[in-house]
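Asker: My structure file run34.pdb, PDB, C-alpha atoms, is below:
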```pdb
MODEL        1
ATOM      1  CA  MET W   1     -12.508 -37.009   4.722
ATOM      2  CA  LYS W   2     -13.104 -40.238   2.894
ATOM      3  CA  GLN W   3     -14.883 -40.198  -0.412
ATOM      4  CA  ALA W   4     -18.633 -40.803  -0.131
ATOM      5  CA  ARG W   5     -19.621 -44.314  -1.132
ATOM      6  CA  ASN W   6     -23.157 -45.260  -1.968
ATOM      7  CA  THR W   7     -23.580 -48.759  -0.633
ATOM      8  CA  THR W   8     -26.865 -50.642  -0.579
ATOM      9  CA  ALA W   9     -27.007 -50.353   3.221
ATOM     10  CA  LYS W  10     -26.366 -46.593   3.111
ATOM     11  CA  THR W  11     -29.035 -46.051   0.456
ATOM     12  CA  GLU W  12     -31.619 -48.160   2.312
ATOM     13  CA  ILE W  13     -30.947 -46.529   5.697
ATOM     14  CA  LEU W  14     -31.054 -43.023   4.219
ATOM     15  CA  ASP W  15     -34.356 -43.844   2.467
ATOM     16  CA  LEU W  16     -35.794 -45.220   5.714
ATOM     17  CA  ILE W  17     -34.827 -42.096   7.684
ATOM     18  CA  SER W  18     -35.960 -39.748   4.898
ATOM     19  CA  GLN W  19     -39.399 -41.365   4.689
ATOM     20  CA  SER W  20     -39.959 -41.306   8.444
ATOM     21  CA  GLU W  21     -41.978 -38.474   9.985
ATOM     22  CA  VAL W  22     -40.074 -38.883  13.270
ATOM     23  CA  ALA W  23     -36.421 -39.321  14.176
ATOM     24  CA  LEU W  24     -35.327 -42.968  14.397
ATOM     25  CA  SER W  25     -32.980 -44.638  16.864
ATOM     26  CA  HIS W  26     -30.381 -47.239  15.917
ATOM     27  CA  SER W  27     -32.581 -50.018  17.320
ATOM     28  CA  GLU W  28     -35.620 -48.781  15.366
ATOM     29  CA  ILE W  29     -33.568 -48.791  12.171
ATOM     30  CA  GLN W  30     -32.160 -52.246  12.942
ATOM     31  CA  SER W  31     -35.570 -53.756  13.696
ATOM     32  CA  LEU W  32     -37.178 -52.309  10.558
ATOM     33  CA  ASP W  33     -34.302 -52.905   8.168
ATOM     34  CA  GLY W  34     -32.746 -56.362   8.611
ATOM     35  CA  LEU W  35     -30.367 -55.497   5.740
ATOM     36  CA  CYS W  36     -27.114 -55.466   7.724
ATOM     37  CA  ASP W  37     -25.698 -55.976  11.195
ATOM     38  CA  ARG W  38     -25.810 -53.413  14.003
ATOM     39  CA  VAL W  39     -22.154 -52.351  13.616
ATOM     40  CA  THR W  40     -22.662 -51.579   9.929
ATOM     41  CA  ILE W  41     -25.749 -49.536  10.819
ATOM     42  CA  TYR W  42     -23.668 -47.489  13.304
ATOM     43  CA  ARG W  43     -21.005 -46.904  10.655
ATOM     44  CA  VAL W  44     -23.580 -45.886   8.046
ATOM     45  CA  LEU W  45     -25.296 -43.510  10.502
ATOM     46  CA  ASN W  46     -21.969 -41.878  11.385
ATOM     47  CA  ARG W  47     -21.154 -41.500   7.685
ATOM     48  CA  LEU W  48     -24.579 -39.939   6.964
ATOM     49  CA  VAL W  49     -24.013 -37.434   9.784
ATOM     50  CA  GLU W  50     -20.504 -36.617   8.456
ATOM     51  CA  GLU W  51     -21.947 -36.083   4.975
ATOM     52  CA  ASP W  52     -24.670 -33.777   6.395
ATOM     53  CA  LEU W  53     -27.464 -35.985   5.083
ATOM     54  CA  VAL W  54     -28.947 -36.679   8.520
ATOM     55  CA  HIS W  55     -28.511 -35.119  11.930
ATOM     56  CA  LYS W  56     -28.267 -36.526  15.422
ATOM     57  CA  VAL W  57     -30.880 -35.669  17.993
ATOM     58  CA  VAL W  58     -30.120 -36.318  21.651
ATOM     59  CA  ASN W  59     -33.404 -37.177  23.340
ATOM     60  CA  THR W  60     -34.370 -35.997  26.828
ATOM     61  CA  ASP W  61     -33.505 -39.460  28.193
ATOM     62  CA  GLY W  62     -30.018 -39.331  26.639
ATOM     63  CA  GLY W  63     -30.847 -41.620  23.723
ATOM     64  CA  VAL W  64     -29.691 -40.704  20.226
ATOM     65  CA  LYS W  65     -32.017 -40.585  17.224
ATOM     66  CA  TYR W  66     -31.395 -39.634  13.611
ATOM     67  CA  ALA W  67     -33.502 -37.374  11.409
ATOM     68  CA  SER W  68     -33.361 -36.456   7.755
ATOM     69  CA  CYS W  69     -32.143 -33.032   6.668
ATOM     70  CA  HIS W  70     -35.338 -31.784   5.036
ATOM     71  CA  SER W  71     -34.734 -28.030   5.204
ATOM     72  CA  CYS W  72     -31.037 -27.953   4.300
ATOM     73  CA  ALA W  73     -31.378 -27.369   0.573
ATOM     74  CA  THR W  74     -29.185 -24.267   0.393
ATOM     75  CA  THR W  75     -27.571 -23.805   3.817
ATOM     76  CA  HIS W  76     -26.886 -26.677   6.186
ATOM     77  CA  ASN W  77     -28.441 -25.704   9.519
ATOM     78  CA  HIS W  78     -29.873 -27.801  12.340
ATOM     79  CA  ASN W  79     -30.635 -24.988  14.726
ATOM     80  CA  HIS W  80     -34.240 -25.956  15.217
ATOM     81  CA  ILE W  81     -36.204 -27.442  18.088
ATOM     82  CA  HIS W  82     -36.780 -31.158  18.505
ATOM     83  CA  PHE W  83     -39.977 -32.218  20.265
ATOM     84  CA  SER W  84     -39.864 -35.377  22.374
ATOM     85  CA  CYS W  85     -43.258 -36.872  23.261
ATOM     86  CA  GLN W  86     -43.358 -38.197  26.813
ATOM     87  CA  LYS W  87     -46.147 -40.632  25.938
ATOM     88  CA  CYS W  88     -45.238 -42.277  22.600
ATOM     89  CA  LYS W  89     -41.481 -41.461  22.841
ATOM     90  CA  SER W  90     -41.376 -40.069  19.284
ATOM     91  CA  VAL W  91     -38.952 -37.250  18.435
ATOM     92  CA  THR W  92     -39.996 -34.753  15.774
ATOM     93  CA  CYS W  93     -38.039 -31.922  14.158
ATOM     94  CA  LEU W  94     -39.891 -28.609  14.395
ATOM     95  CA  GLU W  95     -37.968 -26.994  11.563
ATOM     96  CA  ASN W  96     -39.948 -23.743  11.533
ATOM     97  CA  VAL W  97     -39.144 -23.055  15.197
ATOM     98  CA  GLU W  98     -35.646 -21.656  15.658
ATOM     99  CA  PRO W  99     -34.379 -21.297  19.224
ATOM    100  CA  SER W 100     -32.540 -18.192  20.321
ATOM    101  CA  PHE W 101     -29.957 -17.786  23.046
ATOM    102  CA  LYS W 102     -27.104 -15.521  24.095
ATOM    103  CA  LEU W 103     -23.741 -16.793  25.212
ATOM    104  CA  PRO W 104     -21.078 -14.883  27.120
ATOM    105  CA  LYS W 105     -18.282 -13.347  25.061
ATOM    106  CA  LYS W 106     -15.529 -15.627  23.728
ATOM    107  CA  TYR W 107     -17.812 -18.704  23.574
ATOM    108  CA  LYS W 108     -18.097 -20.161  20.075
ATOM    109  CA  VAL W 109     -20.994 -22.451  19.173
ATOM    110  CA  SER W 110     -20.222 -25.482  17.042
ATOM    111  CA  GLU W 111     -23.497 -27.364  17.488
ATOM    112  CA  VAL W 112     -26.942 -26.679  18.941
ATOM    113  CA  ASN W 113     -29.349 -29.333  20.194
ATOM    114  CA  PHE W 114     -32.637 -28.108  21.646
ATOM    115  CA  THR W 115     -35.097 -30.741  22.781
ATOM    116  CA  VAL W 116     -38.459 -29.821  24.249
ATOM    117  CA  SER W 117     -40.537 -32.527  25.917
ATOM    118  CA  GLY W 118     -44.288 -32.793  26.329
ATOM    119  CA  ILE W 119     -47.226 -34.503  24.634
ATOM    120  CA  CYS W 120     -47.411 -34.563  20.818
ATOM    121  CA  PRO W 121     -50.618 -33.841  18.853
ATOM    122  CA  LYS W 122     -51.175 -37.572  18.145
ATOM    123  CA  CYS W 123     -51.157 -38.378  21.885
ATOM    124  CA  SER W 124     -53.166 -35.339  23.037
TER     125      SER W 124
ENDMDL
END
```
Please go through the file and, once you have read it, give me the structure as structure tokens.

Answerer:
Amino acid sequence: MKQARNTTAKTEILDLISQSEVALSHSEIQSLDGLCDRVTIYRVLNRLVEEDLVHKVVNTDGGVKYASCHSCATTHNHNHIHFSCQKCKSVTCLENVEPSFKLPKKYKVSEVNFTVSGICPKCS
């Protein structure tokens, strides 16, 4: 793996995601930031995922959003539920809700992505 570089774009994008209460899509980051072009934003987002600083959330409509790793202080773990609001389209990490499931023998899990859809408290 390449050595982690702290560029201005990486720092700004990480700050933006970390300060957001909801997961952000590439287009939301691009429209809010204006710091760099869309390709650079994709590269920075991929690097942040590789470095375990943010995680990808696949929304119920197939879109990808990025959320900060708030609860990964000691052990990196993203096995929590993501809530997708059908009204405002926000995606929120519910870090205190851990999904459970059983797989048949010989299946090995490398990544879990649980997304539940409904109406968030702000839209209720």

Asker: I'd like the contact shell of stretch 87-95 of chain W - 6 Å cut-off, all atoms listed in the file, skipping same-chain residues fewer than 6 positions apart - returned as a PyMOL selection string.

Answerer: chain W and resi 22-23+80-81

Asker: Translate the PyMOL selection byres ((chain W and resi 121) around 12), as applied to the file shown, into an explicit residue set as an MDAnalysis selection string.

Answerer: chainID W and resid 83:88 90 92 118:120 122:124

Asker: Find the residues near W:Pro99: any atom within 12 Å, counting only C-alpha atoms, skip ones fewer than 5 places away on the same chain, and give them as a ChimeraX atom specification.

Answerer: /W:78-82,94,112-116

Asker: Taking 5 positions as the minimum chain separation for residues in the same chain, which residues sit within 10 Å of W:Leu35 when counting all atoms listed in the file? Answer as a tab-separated table (two decimals) with C-alpha atoms, in the coordinates of the input.

Answerer:
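Saved the output as around.tsv:
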```
chain	number	residue	atom	x	y	z
W	8	THR	CA	-26.86	-50.64	-0.58
W	9	ALA	CA	-27.01	-50.35	3.22
W	12	GLU	CA	-31.62	-48.16	2.31
W	13	ILE	CA	-30.95	-46.53	5.70
W	29	ILE	CA	-33.57	-48.79	12.17
W	30	GLN	CA	-32.16	-52.25	12.94
W	40	THR	CA	-22.66	-51.58	9.93
W	41	ILE	CA	-25.75	-49.54	10.82
```

Asker: When you count only C-alpha atoms, which of these residues is closest to W:Val64: W:Asn96, W:Gln19, W:Asn46, W:Ser25?

Answerer: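 Of W:Asn96, W:Gln19, W:Asn46, W:Ser25, the one nearest W:Val64, counting only C-alpha atoms, is W:Ser25.
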
Asker: Translate the PyMOL selection byres ((chain W and resi 47) around 12), as applied to the file shown, into an explicit residue set as a ChimeraX atom specification.

Answerer: /W:1-7,9-11,13-14,40-46,48-56,66

Asker: Only C-alpha atoms, please: the residues just picked out, written as an mmCIF file, in the coordinates of the input.

Answerer:
```cif
data_model
loop_
_atom_site.group_PDB
_atom_site.id
_atom_site.type_symbol
_atom_site.label_atom_id
_atom_site.label_comp_id
_atom_site.auth_asym_id
_atom_site.auth_seq_id
_atom_site.Cartn_x
_atom_site.Cartn_y
_atom_site.Cartn_z
ATOM 1 C CA MET W 1 -12.508 -37.009 4.722
ATOM 2 C CA LYS W 2 -13.104 -40.238 2.894
ATOM 3 C CA GLN W 3 -14.883 -40.198 -0.412
ATOM 4 C CA ALA W 4 -18.633 -40.803 -0.131
ATOM 5 C CA ARG W 5 -19.621 -44.314 -1.132
ATOM 6 C CA ASN W 6 -23.157 -45.260 -1.968
ATOM 7 C CA THR W 7 -23.580 -48.759 -0.633
ATOM 8 C CA ALA W 9 -27.007 -50.353 3.221
ATOM 9 C CA LYS W 10 -26.366 -46.593 3.111
ATOM 10 C CA THR W 11 -29.035 -46.051 0.456
ATOM 11 C CA ILE W 13 -30.947 -46.529 5.697
ATOM 12 C CA LEU W 14 -31.054 -43.023 4.219
ATOM 13 C CA THR W 40 -22.662 -51.579 9.929
ATOM 14 C CA ILE W 41 -25.749 -49.536 10.819
ATOM 15 C CA TYR W 42 -23.668 -47.489 13.304
ATOM 16 C CA ARG W 43 -21.005 -46.904 10.655
ATOM 17 C CA VAL W 44 -23.580 -45.886 8.046
ATOM 18 C CA LEU W 45 -25.296 -43.510 10.502
ATOM 19 C CA ASN W 46 -21.969 -41.878 11.385
ATOM 20 C CA LEU W 48 -24.579 -39.939 6.964
ATOM 21 C CA VAL W 49 -24.013 -37.434 9.784
ATOM 22 C CA GLU W 50 -20.504 -36.617 8.456
ATOM 23 C CA GLU W 51 -21.947 -36.083 4.975
ATOM 24 C CA ASP W 52 -24.670 -33.777 6.395
ATOM 25 C CA LEU W 53 -27.464 -35.985 5.083
ATOM 26 C CA VAL W 54 -28.947 -36.679 8.520
ATOM 27 C CA HIS W 55 -28.511 -35.119 11.930
ATOM 28 C CA LYS W 56 -28.267 -36.526 15.422
ATOM 29 C CA TYR W 66 -31.395 -39.634 13.611
#
```

Asker: Could you check how far atom CA of W:Ser100 sits from atom CA of W:His26, in Å to one decimal?

Answerer: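 Atom-to-atom, atom CA of W:Ser100 to atom CA of W:His26, that is 29.5 Å.
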
Asker: Any idea what the distance is between atom CA of W:Glu21 and atom CA of W:Gly63?

Answerer: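 Between atom CA of W:Glu21 and atom CA of W:Gly63 the gap is 18.0 Å.
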
Asker: Name the closest residue to W:Asn59 among the candidates W:Leu24, W:Leu103, W:Ile17, W:Val109; distances are taken between atoms, counting only C-alpha atoms.

Answerer: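 Between W:Leu24, W:Leu103, W:Ile17, W:Val109, the residue approaching W:Asn59 most closely is W:Leu24.
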
Asker: For atom CA of W:Ser117 and atom CA of W:Pro104, quote the distance in Å rounded to one decimal.

Answerer: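 Going from atom CA of W:Ser117 over to atom CA of W:Pro104, I get 26.3 Å.
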
Asker: Could you tell me which of W:Lys102, W:Lys65, W:Lys108, W:Arg38 comes closest to W:Ser20 if we count all atoms listed in the file?

Answerer: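 The answer is W:Lys65, which sits nearest to W:Ser20.
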